[in-house]
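> Sharing a structure, written as structure tokens. Questions coming.
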Amino acid sequence: MSSDLTELHDELRAVAREVLAAARRRGADGEPPSLDRQTLTASGWLGLEVPEALEGAGATLAEVAVVLHEMGRAPLRSGYLGSAVLGVGALNLLEPTGRRDDLLGQIASGAVRVAVGLPTGDDVVGPVAPCYSLEEDGRRLRLRGRAAFVPDATDADRLLLLARDPASTLVVVAAQPTDAGLRVAEQRVLDLTRNLGEIAAEGAEVAEGSVWRFAADPEASARRLMDRAALAIACDSLGLAEAMMEATVAYAGVRHQFGRPIGSFQAVQHACADMLVQVMVSRELVGTAVELLGCETPGSGRAVSMAKSHACAMAVDVVGKAMQLHGGIGYTWESGVHAYLKRAVLNRSLFGSPTAHRKRLGQRYLDGVSVLSED
Amino acid sequence: MSSDLTELHDELRAVAREVLAAARRRGADGEPPSLDRQTLTASGWLGLEVPEALEGAGATLAEVAVVLHEMGRAPLRSGYLGSAVLGVGALNLLEPTGRRDDLLGQIASGAVRVAVGLPTGDDVVGPVAPCYSLEEDGRRLRLRGRAAFVPDATDADRLLLLARDPASTLVVVAAQPTDAGLRVAEQRVLDLTRNLGEIAAEGAEVAEGSVWRFAADPEASARRLMDRAALAIACDSLGLAEAMMEATVAYAGVRHQFGRPIGSFQAVQHACADMLVQVMVSRELVGTAVELLGCETPGSGRAVSMAKSHACAMAVDVVGKAMQLHGGIGYTWESGVHAYLKRAVLNRSLFGSPTAHRKRLGQRYLDGVSVLSED
Amino acid sequence: MTSPPPPDPEPFRAEVREWCRTHVPTGWRDAQTGVSDEEFVSFQKQWFGELREAGYAVPHWPLAWGGGLSVGEQIVLYQELAAHDAPRLVLAFVAIHHAASTLLAAGTDEQRARHLPAILDGEIWVQGFSEPDAGSDLASLRTAARREGDAYVVNGQKLWASGAKYAGWCLLLARTDPGAPKRHGISYFLLDMRSQGVEVRPIRQATGESHFSEIFLNDVEIPATHLIGPENGGWQVAQATLSAERGMTMLELAERLGHAGFTWLLDACRRPNAEGLRPIDDSLVLDRLAGFETEIAGLRAMCRSLAVRHETGHVGPADASVVKLYYSELLQRMTNFGADVAGLAGSTRIIKPMSSGWESGAWVLDFIGSWEWTIPGGTSEIQRTIIAERALQMPRA
Amino acid sequence: MTSPPPPDPEPFRAEVREWCRTHVPTGWRDAQTGVSDEEFVSFQKQWFGELREAGYAVPHWPLAWGGGLSVGEQIVLYQELAAHDAPRLVLAFVAIHHAASTLLAAGTDEQRARHLPAILDGEIWVQGFSEPDAGSDLASLRTAARREGDAYVVNGQKLWASGAKYAGWCLLLARTDPGAPKRHGISYFLLDMRSQGVEVRPIRQATGESHFSEIFLNDVEIPATHLIGPENGGWQVAQATLSAERGMTMLELAERLGHAGFTWLLDACRRPNAEGLRPIDDSLVLDRLAGFETEIAGLRAMCRSLAVRHETGHVGPADASVVKLYYSELLQRMTNFGADVAGLAGSTRIIKPMSSGWESGAWVLDFIGSWEWTIPGGTSEIQRTIIAERALQMPRA
């Protein structure tokens, strides 16, 4: 990495850490912790991957990953995942059209918030099975299907829904939540720092010009988009784990029992050492995946599945251990450890469980492909 | 357990521990450690399960399990597994005949040593797939097949080979290692405390009256015999682990580093505590299986698979941890820890790996049988 | 082990089974989901009353006080209650176990006569041991009790008092001799929670519930007759009774893990996921399930052995720690696996029924709730140290 | 990180690949199985000579002494040697890494001129650090060196000296000031193993091999000119150089785990068992394989990062410990799984090839051999303490 880029990332990271920590402090009691729309817009993060010509920053997935990592460190509802990660990510994979470009610009400016209707579960291997299909109804096209656990669905002004068209080609259908035949409903989950919802299409009429096509191979593009979603969650889990590891080390340094800081007990020291090792391994895997997926390198899917399966399983272990080492305090609502644990558990399932991603890796051994030639 | 029985077991255990420890001390350098034939015969352990009418002790699997446990604590070659556990076990499942009774008596007196040709691998679920088959050749029967890793094969005077007869019924074929068409060859393994061999039958002619039938349902009886084999190994692994746990605790009490006994370091203490917990859990599972298999209770197969899978995986972990906590000394040949580790690794695979036994348990969930009704 | 073989428990088992069939309320889990505190307390008291009438509420108490079942019968009772998925006595728990065993072991005749019948009548108790700076290191507690005439005046703060908001009485540890070494200046009191100066503030837990409270004690007067055991001898009383109840309650919890817990896990694995696949059709999942069933079988057997050893007086010095450690970590691993298998849908179960145990099928909540077992009552780290030092006699640090 | 981007390593990669194709001896594993000590030494020296001629033997040394490859080129070199399953330089290991880095960091010009060319010529070294009562607690070593005129007279006993039976020279730590605090009275010597009073006794290991020896030192005279670094400053010299070689050697080992190690694991899983089933057709096995591939990928990336940080001087205080700990425990878990999958047949591989690394496909032997990584060079327990105290700055006990 060039030194310019490193400095840029350091700066982005420092600003994000400050902004997000401030937003968490502002959180009203009883309300889900969230980053308000103005602050998010002002941050410039929404347009990071939007081309400069469309008023974006023209940056890359690497910078988005920095923000995602920081958002894991300070979990809040923000709409960033729906709009900037999945929305912009989807749009950048589509054929450039005026409508697409307009929407990119509107996301960058914060004017429009987007949610993307993708499979959010264990569909990580084989042909993509989108949640929606387009049917011909005379001259019109109608949309049917239902995507569940869609990030930021209920706050979205615009919906981008991955579907198969009547020719079985993967396309993206642009819709409004208010369209007839569409229904958007929040799905309440234990993790209050995520906003997830279901988008049901019951024969919704698709407006003229709302079926958008991928610029490259649709199957590969859709899989890429889903890989991006999985990797975004891996970045988040890495951030969660890192923050909880640091919090645990800090707490163990000040909490005294038996006349000593608990951090001087070998059991606590060794548990923290294991946390660090696990976090460092995940960091490498996530970093590699961000690099490869950002460059459209072959084998990026493998790197994503490694990062997703490792980081999301690791985060549950590390945050769980953090709760344990915080003792009674860690089990209180007030300590906030629970929020990290709930998010880590949700992250583990969102966009493919560790097992599902390992199945994708394991498929290669069966296929007899030389595993090493990919390296 | 009645107090008489408890006292009997305590006495048996104490004697066995002493006899086996003495035999290990006598071990000549360079020779595989072994229990000599006279001592074994004099111990009376060979005839524990042989009926009193046939000069045996008329005891049960519970007493054999005590001896097996102690043999795990002090691993030696002895022939006990082949003759007293598998040989007597097989014979007791057969129709009582003069020949069978004679052989039982000869085993009890130490006059004849036996090996039993059973599948020794992962054949633990479904119909038994014996290693041998009987073919009709005019009026004669010929035996074909090959059993590998048969305990105590090369020292045996008599072979009992599980086979399917021409009607596909499971039977036991009694043979001599010197019979034409039979070949017994040692299979050298890393674990020097076990004597394993291959018994190949290449159309060996079966003598008149040498096909012995099971007294009860042949399929169930053969499975019972294989369960007995698996459980014998579980007892052994429990003994291995227990002995190494005790050795580690003792060593940690005398070895000093940093001016303290290493047993006062939390990392060592907690590792030893985990050993104890695992050993205690295995002890319960093995105890339950011995009780159920000894009483021919339904569900004993399930208990055996639980005991085998838990104890044999546990022993590898516990003995491995023992090597780690012994530090450099534990890695020397002289310390003897390696002998326990090699035997634990071999035990894990012998008569069904943990995975194979868990598959047998898991099959029940698929079959939709109410799992709880068995309790 | 010189005791005679226990009497055949099968007739008693048949009796309990019949009773469970006719008495365990059907659908109580749904009915107890999202209820108010009042409804919870009323349900608990009613269920306790039914058990009491059957003679099943306090089976471990001496016959004279209303108990008197043999250990073999207690094992059968808890097996059957678990097998029939009966509600748990969560509200009466401290009263019938900790309070009763303390009163029986160290109480005066008057104290027993005052409280044991009252407990059978529904008196609720809470344990006031932990403090903000005395968690794992309980002996460093600082709540102070100063003798003044016929009473002690108590000041301090207690933490992690389970069910304090419902309790009429509290088992209180307080320091009566500030000059003595840590464990030697502590006394054990029976505190009436309606006394002046007692304030209870619920603590919200990681699961969102508030089973625990802080108790603030501000110049609270406790009559000297409410001291239990000798002055400054409270630590010994607490140690003797802290693990006394472990045997049978752990057995109950182990049986529940084996019945409801494992059944729900099988159910979760049989439920098709978003892709229409059943986890149970994957050999990876079958292997994990078989591993859990095995571990639960080991735990249940260990608990039965421990209960029997309790009766014969052969309990090892860390047996209770072994069982607590193994149960709590198994519970944690199993609920973690349940949460993994349940997937995204598992996170939508945002409330669990009251009166249930630590496994309810709401996997994510159950997983988070499992820390309520690995932390309180001595963390897993403390248990390992106890096992090493007491059972294995390893040298102290 | 302000260094310029490294030059494109691809041309160098092509060069190394071509060289490996023409130079790595085919079938060396079979040929090196069951060979005598002499054949092993001769094979190692020959292979070392070939690498030296190509400029690949000591790539990490300064250019002036015969090395001079950039870190990027070293990474490529070790990746390709692993990818082509080249023999390892096990015999020269201590010489080219520990001895050389010690000489370069603390040696005099004379010492360097005497030994560095000799090492390139095949001089074998051994490390004499550990003692019977100084293992994890190395600083408590008791071998004593007493100054007498122009020489030191050494008495004591060293343990765990890898390759001592082949070595011409020894890196020796001995106590020169018995009165000073533990770490302050130790000096570092270059000991000629042919000196009077040096006796080497091989130790048989758990695997049955004897790579290690005890070294007995009985009134051994070492000329004062063979002191390296200041008298009583040996601990600091040893600390500075102990982990100096970790970066690139760990990278090499990680690459080997990723190539030969994982390939053998796949092979073992594709081999039908006694029942004719291939483990790889079980999703449980696939899941484990995928987990190992992921962990190896993480390890390899971590080693690459560490190598780069070495060059830029950004190495963290416990980075070497993190990598050593993770590698050794991963190796242990992976060889354990290999032994499990290989089943009974795995126990019949009773000998492994010389010149190989810690993975040879003889799974049970490899598993047992893995303790050679989790114990020496600081046990896993010691590594965790180092990580906690140095990287996480946790309070010392």
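By convention in this document, the chains of the structure tokens carry letters A, B, ... by their order, each chain's residues are numbered from 1, and ligands are numbered from 1 in the order they are shown.
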With 6 Å as the cut-off and only C-alpha atoms counted, what is the closest atom pair between each nearby residue of chain B and chain D? Distances in Å to one decimal, ordered by chain and number, as CSV.

```
residue,atom,partner,partner_atom,distance
B:Arg188,CA,D:Thr348,CA,6.0
B:Val189,CA,D:Thr348,CA,4.5
B:Leu190,CA,D:Ile350,CA,5.4
B:Gln257,CA,D:Asp137,CA,5.6
B:Phe258,CA,D:Asp137,CA,5.7
B:Gly327,CA,D:Ile375,CA,5.8
B:Tyr331,CA,D:Ala206,CA,5.2
B:Thr332,CA,D:Gln205,CA,4.3
B:Trp333,CA,D:Ala206,CA,4.6
B:His338,CA,D:Ala206,CA,5.1
B:Ser349,CA,D:Gly343,CA,5.3
```
> Just the selected residues (C-alpha atoms), exported as an mmCIF file, in the first residue's frame, please.

```
data_model
loop_
_atom_site.group_PDB
_atom_site.id
_atom_site.type_symbol
_atom_site.label_atom_id
_atom_site.label_comp_id
_atom_site.auth_asym_id
_atom_site.auth_seq_id
_atom_site.Cartn_x
_atom_site.Cartn_y
_atom_site.Cartn_z
ATOM 1 C CA ARG B 188 3.739 -52.919 12.950
ATOM 2 C CA VAL B 189 2.273 -49.759 14.382
ATOM 3 C CA LEU B 190 3.768 -46.806 16.206
ATOM 4 C CA GLN B 257 10.273 -22.615 37.136
ATOM 5 C CA PHE B 258 10.422 -18.921 37.996
ATOM 6 C CA GLY B 327 7.438 -29.514 28.838
ATOM 7 C CA TYR B 331 8.801 -34.955 24.765
ATOM 8 C CA THR B 332 11.568 -37.384 25.664
ATOM 9 C CA TRP B 333 11.209 -41.087 24.970
ATOM 10 C CA HIS B 338 4.704 -40.676 24.118
ATOM 11 C CA SER B 349 -9.420 -45.321 15.476
#
```
> What's the 6 Å shell around C:Ala391, counting only C-alpha atoms, without same-chain residues fewer than 4 positions away, as a count of residues only?
3
> Given a cut-off of 12 Å, which residues of chain D touch chain C, counting only C-alpha atoms, written out as a list in words?
Pro279, Asp281, Asp282, Ser283, Leu284, Val285, Leu286, Asp287, Arg288 and Ala397 of chain D
> For D:Gly316, list every protein, DNA or RNA residue within 10 Å, evaluated using only C-alpha atoms, and leave out those in the same chain fewer than 6 positions away; present the list as a list in words.
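The residues that qualify are Leu306, Arg309, His310, Val322, Ile387, Arg390 and Ala391 of chain D.
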> Taking only C-alpha atoms into account, produce a table as JSON lines in which each residue of chain B with an atom at most 8 Å from an atom of chain A appears once, together with its shortest atom pair and the distance in Å to one decimal, ordered by chain and rising number.

```
{"residue": "B:Phe265", "atom": "CA", "partner": "A:Gln266", "partner_atom": "CA", "distance": 7.4}
{"residue": "B:Gln266", "atom": "CA", "partner": "A:Gln266", "partner_atom": "CA", "distance": 5.6}
{"residue": "B:Ala267", "atom": "CA", "partner": "A:Ala267", "partner_atom": "CA", "distance": 6.0}
{"residue": "B:His270", "atom": "CA", "partner": "A:Ala267", "partner_atom": "CA", "distance": 7.8}
```
> Save out the residues we just selected, N, CA, C and O atoms, as a CSV table (one decimal), in the first residue's frame.

```csv
chain,number,residue,atom,x,y,z
B,265,PHE,N,0.9,-22.1,38.8
B,265,PHE,CA,0.5,-21.1,37.7
B,265,PHE,C,-0.9,-21.4,37.2
B,265,PHE,O,-1.3,-22.6,37.0
B,266,GLN,N,-1.7,-20.4,37.1
B,266,GLN,CA,-3.1,-20.5,36.7
B,266,GLN,C,-3.3,-21.3,35.4
B,266,GLN,O,-4.2,-22.1,35.3
B,267,ALA,N,-2.4,-21.1,34.4
B,267,ALA,CA,-2.5,-21.7,33.1
B,267,ALA,C,-2.4,-23.2,33.3
B,267,ALA,O,-3.2,-24.0,32.7
B,270,HIS,N,-5.6,-24.5,35.5
B,270,HIS,CA,-6.8,-24.5,34.7
B,270,HIS,C,-6.8,-25.7,33.7
B,270,HIS,O,-7.8,-26.3,33.5
```
> Please identify the alpha helix (DSSP H) residues within stretch 159-325 of chain C (assignment by DSSP from backbone atoms) and present them as a ChimeraX atom specification.
/C:234-242,246-256,262-270,283-312,319-325
